[in-house]
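What follows is a set of notes on a single structure, which appears directly below.
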Amino acid sequence: QIAIECRIANMEFKGMKSSNSEEENTSSGEAIQSETTMLEDEQQEAQVKRIIRLLKLTVIAFTFLVTFAAFESYQSINESECCHSQEPEFLQPGVTPEKKKWDFTANLDHSETYFVVDLRDDGIEALSKALETNKTVVKLDILGSLFGIRGMKAMRDALKFNTRISRLNLREDGIGDDEVKLLAEVLKVNNAITDVNLDGNLIGLEGVEHLAEALELNKSVLELRLDNCPLGDDGVEALFKSLNINTSVTTLGLTATGMGDKGLE
């Protein structure tokens, strides 16, 4: 009986030991599964962060490309539509410059204000030809172009009956009395031009007398600038005599014209 009881106790002990071992295995498995799940979650989170970072970099790169393309397009429009200019040439003695091929027709159709520099006679002729059919340009600025009779004749023919251009800026173009005589022919018949700038040209007594004669007939010019032109007292006097008849001019620029006491009187 004692032996039987010992055997039963031994069997119960083994059963308890086996039960404890199973519980330990179950607990260990659950811990391993929990660690695996946490690792997977961390990997997924890291992957999501990488994707978000990549998307941000893509957006930044796309924004930069769009901005750069817009800037390039803006520069291209400004250069092709708003103005046409060239660098001055410095030629050796005896070297004849090649005749340039000027084409203003396409550019003139895109802007009401057109600015050009250093055209010379060939450029002025091409520009004048384009202006004959242009219906867009309202303000024309031709600066430092140093053109002569040939260029001014072409401009005269283009502007005589032009009804769009209201501002004519011929500042520092080397215009003399002969060229101003041709411009005066325009002002006698043109009723659209309201602003004429001849600042810094070589206009003397003869040239200003032609202008004065034109102003007696003109009814549209409101502002006339002759600053830095060698008019002298006689030239200023001739100009003011015409203003006794002309009633439209309200602004007159006569700074540094060589005017003395006689002109002031």
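By convention here, the chains of the structure tokens are called A, B, ... in the order presented, each chain's residues are numbered starting at 1, and ligands are numbered starting at 1 in the order presented.
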
Backbone-only DSSP, helix (DSSP H, G or I) members of segment 73-233 of chain A, as a VMD selection string: chain A and resid 73 to 82 105 to 108 120 to 131 149 to 159 177 to 189 205 to 217 232 to 233

Go ahead and dump the residues you just picked, C-alpha atoms, as a CSV table (one decimal), in the first residue's frame.
chain,number,residue,atom,x,y,z
A,73,SER,CA,9.7,81.6,-69.9
A,74,TYR,CA,9.3,85.1,-68.4
A,75,GLN,CA,12.8,86.1,-69.5
A,76,SER,CA,12.2,84.7,-73.0
A,77,ILE,CA,9.0,86.8,-73.3
A,78,ASN,CA,10.7,90.0,-72.1
A,79,GLU,CA,13.6,89.5,-74.5
A,80,SER,CA,11.6,88.6,-77.5
A,81,GLU,CA,8.4,90.8,-77.1
A,82,CYS,CA,9.3,93.9,-75.1
A,105,THR,CA,7.0,92.6,-87.4
A,106,ALA,CA,6.5,89.7,-84.9
A,107,ASN,CA,7.8,91.5,-81.9
A,108,LEU,CA,5.7,94.7,-82.3
A,120,ARG,CA,21.1,103.2,-86.8
A,121,ASP,CA,19.6,103.9,-90.2
A,122,ASP,CA,19.0,100.3,-91.3
A,123,GLY,CA,17.3,99.4,-88.1
A,124,ILE,CA,15.1,102.5,-88.2
A,125,GLU,CA,14.0,101.7,-91.7
A,126,ALA,CA,13.0,98.2,-90.8
A,127,LEU,CA,11.2,99.4,-87.7
A,128,SER,CA,9.4,102.1,-89.6
A,129,LYS,CA,8.2,99.6,-92.2
A,130,ALA,CA,6.8,97.3,-89.5
A,131,LEU,CA,5.0,100.3,-87.8
A,149,ILE,CA,18.3,111.6,-92.7
A,150,ARG,CA,17.6,108.2,-94.2
A,151,GLY,CA,16.2,106.7,-91.0
A,152,MET,CA,14.2,109.8,-90.2
A,153,LYS,CA,12.6,109.8,-93.7
A,154,ALA,CA,11.4,106.3,-93.1
A,155,MET,CA,10.1,107.2,-89.7
A,156,ARG,CA,8.3,110.3,-91.1
A,157,ASP,CA,6.5,108.1,-93.7
A,158,ALA,CA,5.5,105.6,-91.0
A,159,LEU,CA,4.3,108.1,-88.4
A,177,ASP,CA,18.3,120.2,-87.6
A,178,ASP,CA,17.8,118.3,-90.8
A,179,GLU,CA,16.2,115.4,-89.1
A,180,VAL,CA,14.0,117.6,-86.9
A,181,LYS,CA,12.7,119.2,-90.1
A,182,LEU,CA,11.3,115.8,-91.2
A,183,LEU,CA,9.9,115.2,-87.7
A,184,ALA,CA,8.1,118.6,-87.9
A,185,GLU,CA,6.4,117.3,-91.1
A,186,VAL,CA,4.9,114.5,-89.0
A,187,LEU,CA,3.7,116.9,-86.2
A,188,LYS,CA,1.9,119.1,-88.7
A,189,VAL,CA,-0.5,116.4,-89.7
A,205,LEU,CA,18.0,127.4,-84.0
A,206,GLU,CA,17.1,126.1,-87.5
A,207,GLY,CA,15.7,122.8,-86.1
A,208,VAL,CA,13.6,124.5,-83.3
A,209,GLU,CA,12.2,126.9,-85.9
A,210,HIS,CA,10.8,124.0,-87.8
A,211,LEU,CA,9.3,122.6,-84.6
A,212,ALA,CA,7.8,126.0,-83.8
A,213,GLU,CA,6.1,126.1,-87.2
A,214,ALA,CA,4.7,122.6,-86.7
A,215,LEU,CA,3.4,123.5,-83.2
A,216,GLU,CA,1.4,126.4,-84.7
A,217,LEU,CA,-0.6,123.8,-86.6
A,232,GLY,CA,20.2,129.3,-77.5
A,233,ASP,CA,18.2,132.4,-76.8

Point-to-point distance in Å for atom CA of Lys139 of chain A and atom CA of Ile175 of chain A: 19.2 Å

Close residues, Gly200 of chain A itself excluded, 12 Å, only C-alpha atoms, min 3 positions apart in chain, as a PDB file with N, CA and C atoms, in the first residue's frame:
ATOM      1  N   LEU A 143      16.209 104.957 -78.241  1.00  0.00           N
ATOM      2  CA  LEU A 143      17.253 105.673 -77.516  1.00  0.00           C
ATOM      3  C   LEU A 143      18.641 105.328 -78.066  1.00  0.00           C
ATOM      4  N   GLY A 144      19.494 106.361 -78.157  1.00  0.00           N
ATOM      5  CA  GLY A 144      20.893 106.148 -78.525  1.00  0.00           C
ATOM      6  C   GLY A 144      21.094 105.447 -79.842  1.00  0.00           C
ATOM      7  N   LEU A 146      21.411 106.980 -82.963  1.00  0.00           N
ATOM      8  CA  LEU A 146      22.328 107.730 -83.844  1.00  0.00           C
ATOM      9  C   LEU A 146      22.014 107.536 -85.320  1.00  0.00           C
ATOM     10  N   ASN A 169       9.611 108.906 -78.030  1.00  0.00           N
ATOM     11  CA  ASN A 169      10.810 109.228 -77.266  1.00  0.00           C
ATOM     12  C   ASN A 169      12.040 108.983 -78.139  1.00  0.00           C
ATOM     13  N   LEU A 170      12.694 110.079 -78.566  1.00  0.00           N
ATOM     14  CA  LEU A 170      13.883 110.001 -79.419  1.00  0.00           C
ATOM     15  C   LEU A 170      15.086 110.595 -78.683  1.00  0.00           C
ATOM     16  N   ARG A 171      15.236 110.218 -77.451  1.00  0.00           N
ATOM     17  CA  ARG A 171      16.274 110.796 -76.601  1.00  0.00           C
ATOM     18  C   ARG A 171      17.676 110.336 -77.020  1.00  0.00           C
ATOM     19  N   GLU A 172      18.589 111.321 -77.141  1.00  0.00           N
ATOM     20  CA  GLU A 172      20.008 111.063 -77.411  1.00  0.00           C
ATOM     21  C   GLU A 172      20.214 110.184 -78.641  1.00  0.00           C
ATOM     22  N   ASP A 173      19.530 110.514 -79.720  1.00  0.00           N
ATOM     23  CA  ASP A 173      19.660 109.774 -80.977  1.00  0.00           C
ATOM     24  C   ASP A 173      20.554 110.481 -81.991  1.00  0.00           C
ATOM     25  N   GLY A 174      21.207 111.570 -81.589  1.00  0.00           N
ATOM     26  CA  GLY A 174      22.073 112.293 -82.523  1.00  0.00           C
ATOM     27  C   GLY A 174      21.305 113.060 -83.585  1.00  0.00           C
ATOM     28  N   ILE A 175      20.055 113.375 -83.310  1.00  0.00           N
ATOM     29  CA  ILE A 175      19.210 114.076 -84.277  1.00  0.00           C
ATOM     30  C   ILE A 175      19.618 115.546 -84.377  1.00  0.00           C
ATOM     31  N   GLY A 176      19.770 116.026 -85.617  1.00  0.00           N
ATOM     32  CA  GLY A 176      20.127 117.419 -85.853  1.00  0.00           C
ATOM     33  C   GLY A 176      18.990 118.189 -86.495  1.00  0.00           C
ATOM     34  N   ASN A 197       9.744 113.554 -76.830  1.00  0.00           N
ATOM     35  CA  ASN A 197      10.969 113.752 -76.056  1.00  0.00           C
ATOM     36  C   ASN A 197      12.162 113.772 -77.006  1.00  0.00           C
ATOM     37  N   ILE A 203      19.899 119.718 -81.662  1.00  0.00           N
ATOM     38  CA  ILE A 203      18.925 120.618 -82.282  1.00  0.00           C
ATOM     39  C   ILE A 203      19.285 122.062 -81.962  1.00  0.00           C
ATOM     40  N   GLY A 204      19.479 122.857 -83.014  1.00  0.00           N
ATOM     41  CA  GLY A 204      19.815 124.267 -82.851  1.00  0.00           C
ATOM     42  C   GLY A 204      18.676 125.168 -83.283  1.00  0.00           C
ATOM     43  N   ARG A 225       9.810 117.931 -74.793  1.00  0.00           N
ATOM     44  CA  ARG A 225      11.049 118.050 -74.026  1.00  0.00           C
ATOM     45  C   ARG A 225      12.219 118.264 -74.969  1.00  0.00           C
ATOM     46  N   LEU A 226      12.932 119.395 -74.730  1.00  0.00           N
ATOM     47  CA  LEU A 226      14.114 119.750 -75.514  1.00  0.00           C
ATOM     48  C   LEU A 226      15.304 120.011 -74.583  1.00  0.00           C
ATOM     49  N   ASP A 227      15.321 119.348 -73.449  1.00  0.00           N
ATOM     50  CA  ASP A 227      16.420 119.520 -72.499  1.00  0.00           C
ATOM     51  C   ASP A 227      17.745 119.100 -73.143  1.00  0.00           C
ATOM     52  N   ASN A 228      18.811 119.808 -72.743  1.00  0.00           N
ATOM     53  CA  ASN A 228      20.168 119.470 -73.215  1.00  0.00           C
ATOM     54  C   ASN A 228      20.319 119.557 -74.730  1.00  0.00           C
ATOM     55  N   CYS A 229      19.545 120.434 -75.347  1.00  0.00           N
ATOM     56  CA  CYS A 229      19.687 120.728 -76.777  1.00  0.00           C
ATOM     57  C   CYS A 229      20.206 122.161 -76.910  1.00  0.00           C
ATOM     58  N   PRO A 230      21.159 122.423 -77.815  1.00  0.00           N
ATOM     59  CA  PRO A 230      21.758 123.762 -77.947  1.00  0.00           C
ATOM     60  C   PRO A 230      20.861 124.761 -78.679  1.00  0.00           C
ATOM     61  N   LEU A 231      19.712 125.090 -78.081  1.00  0.00           N
ATOM     62  CA  LEU A 231      18.763 125.987 -78.744  1.00  0.00           C
ATOM     63  C   LEU A 231      19.244 127.437 -78.727  1.00  0.00           C
ATOM     64  N   GLY A 253      10.095 121.205 -71.675  1.00  0.00           N
ATOM     65  CA  GLY A 253      11.390 120.980 -71.033  1.00  0.00           C
ATOM     66  C   GLY A 253      12.488 121.752 -71.743  1.00  0.00           C
ATOM     67  N   LEU A 254      13.106 122.691 -71.035  1.00  0.00           N
ATOM     68  CA  LEU A 254      14.149 123.532 -71.641  1.00  0.00           C
ATOM     69  C   LEU A 254      15.379 123.640 -70.731  1.00  0.00           C
ATOM     70  N   THR A 255      15.669 122.606 -69.970  1.00  0.00           N
ATOM     71  CA  THR A 255      16.832 122.617 -69.089  1.00  0.00           C
ATOM     72  C   THR A 255      18.119 122.476 -69.915  1.00  0.00           C
ATOM     73  N   ALA A 256      19.135 123.288 -69.576  1.00  0.00           N
ATOM     74  CA  ALA A 256      20.455 123.211 -70.212  1.00  0.00           C
ATOM     75  C   ALA A 256      20.353 123.375 -71.718  1.00  0.00           C
ATOM     76  N   THR A 257      19.684 124.424 -72.178  1.00  0.00           N
ATOM     77  CA  THR A 257      19.552 124.704 -73.603  1.00  0.00           C
ATOM     78  C   THR A 257      20.368 125.911 -74.044  1.00  0.00           C
TER      79      THR A 257
END

Spatial neighbours of Arg164 of chain A, max dist 10 Å, only C-alpha atoms, sep filter under 4 positions, as a ChimeraX atom specification: /A:112,131,134-139,159,191-193

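Of note, atom CA of Lys160 of chain A and atom CA of Glu237 of chain A are spaced 27.0 Å apart.
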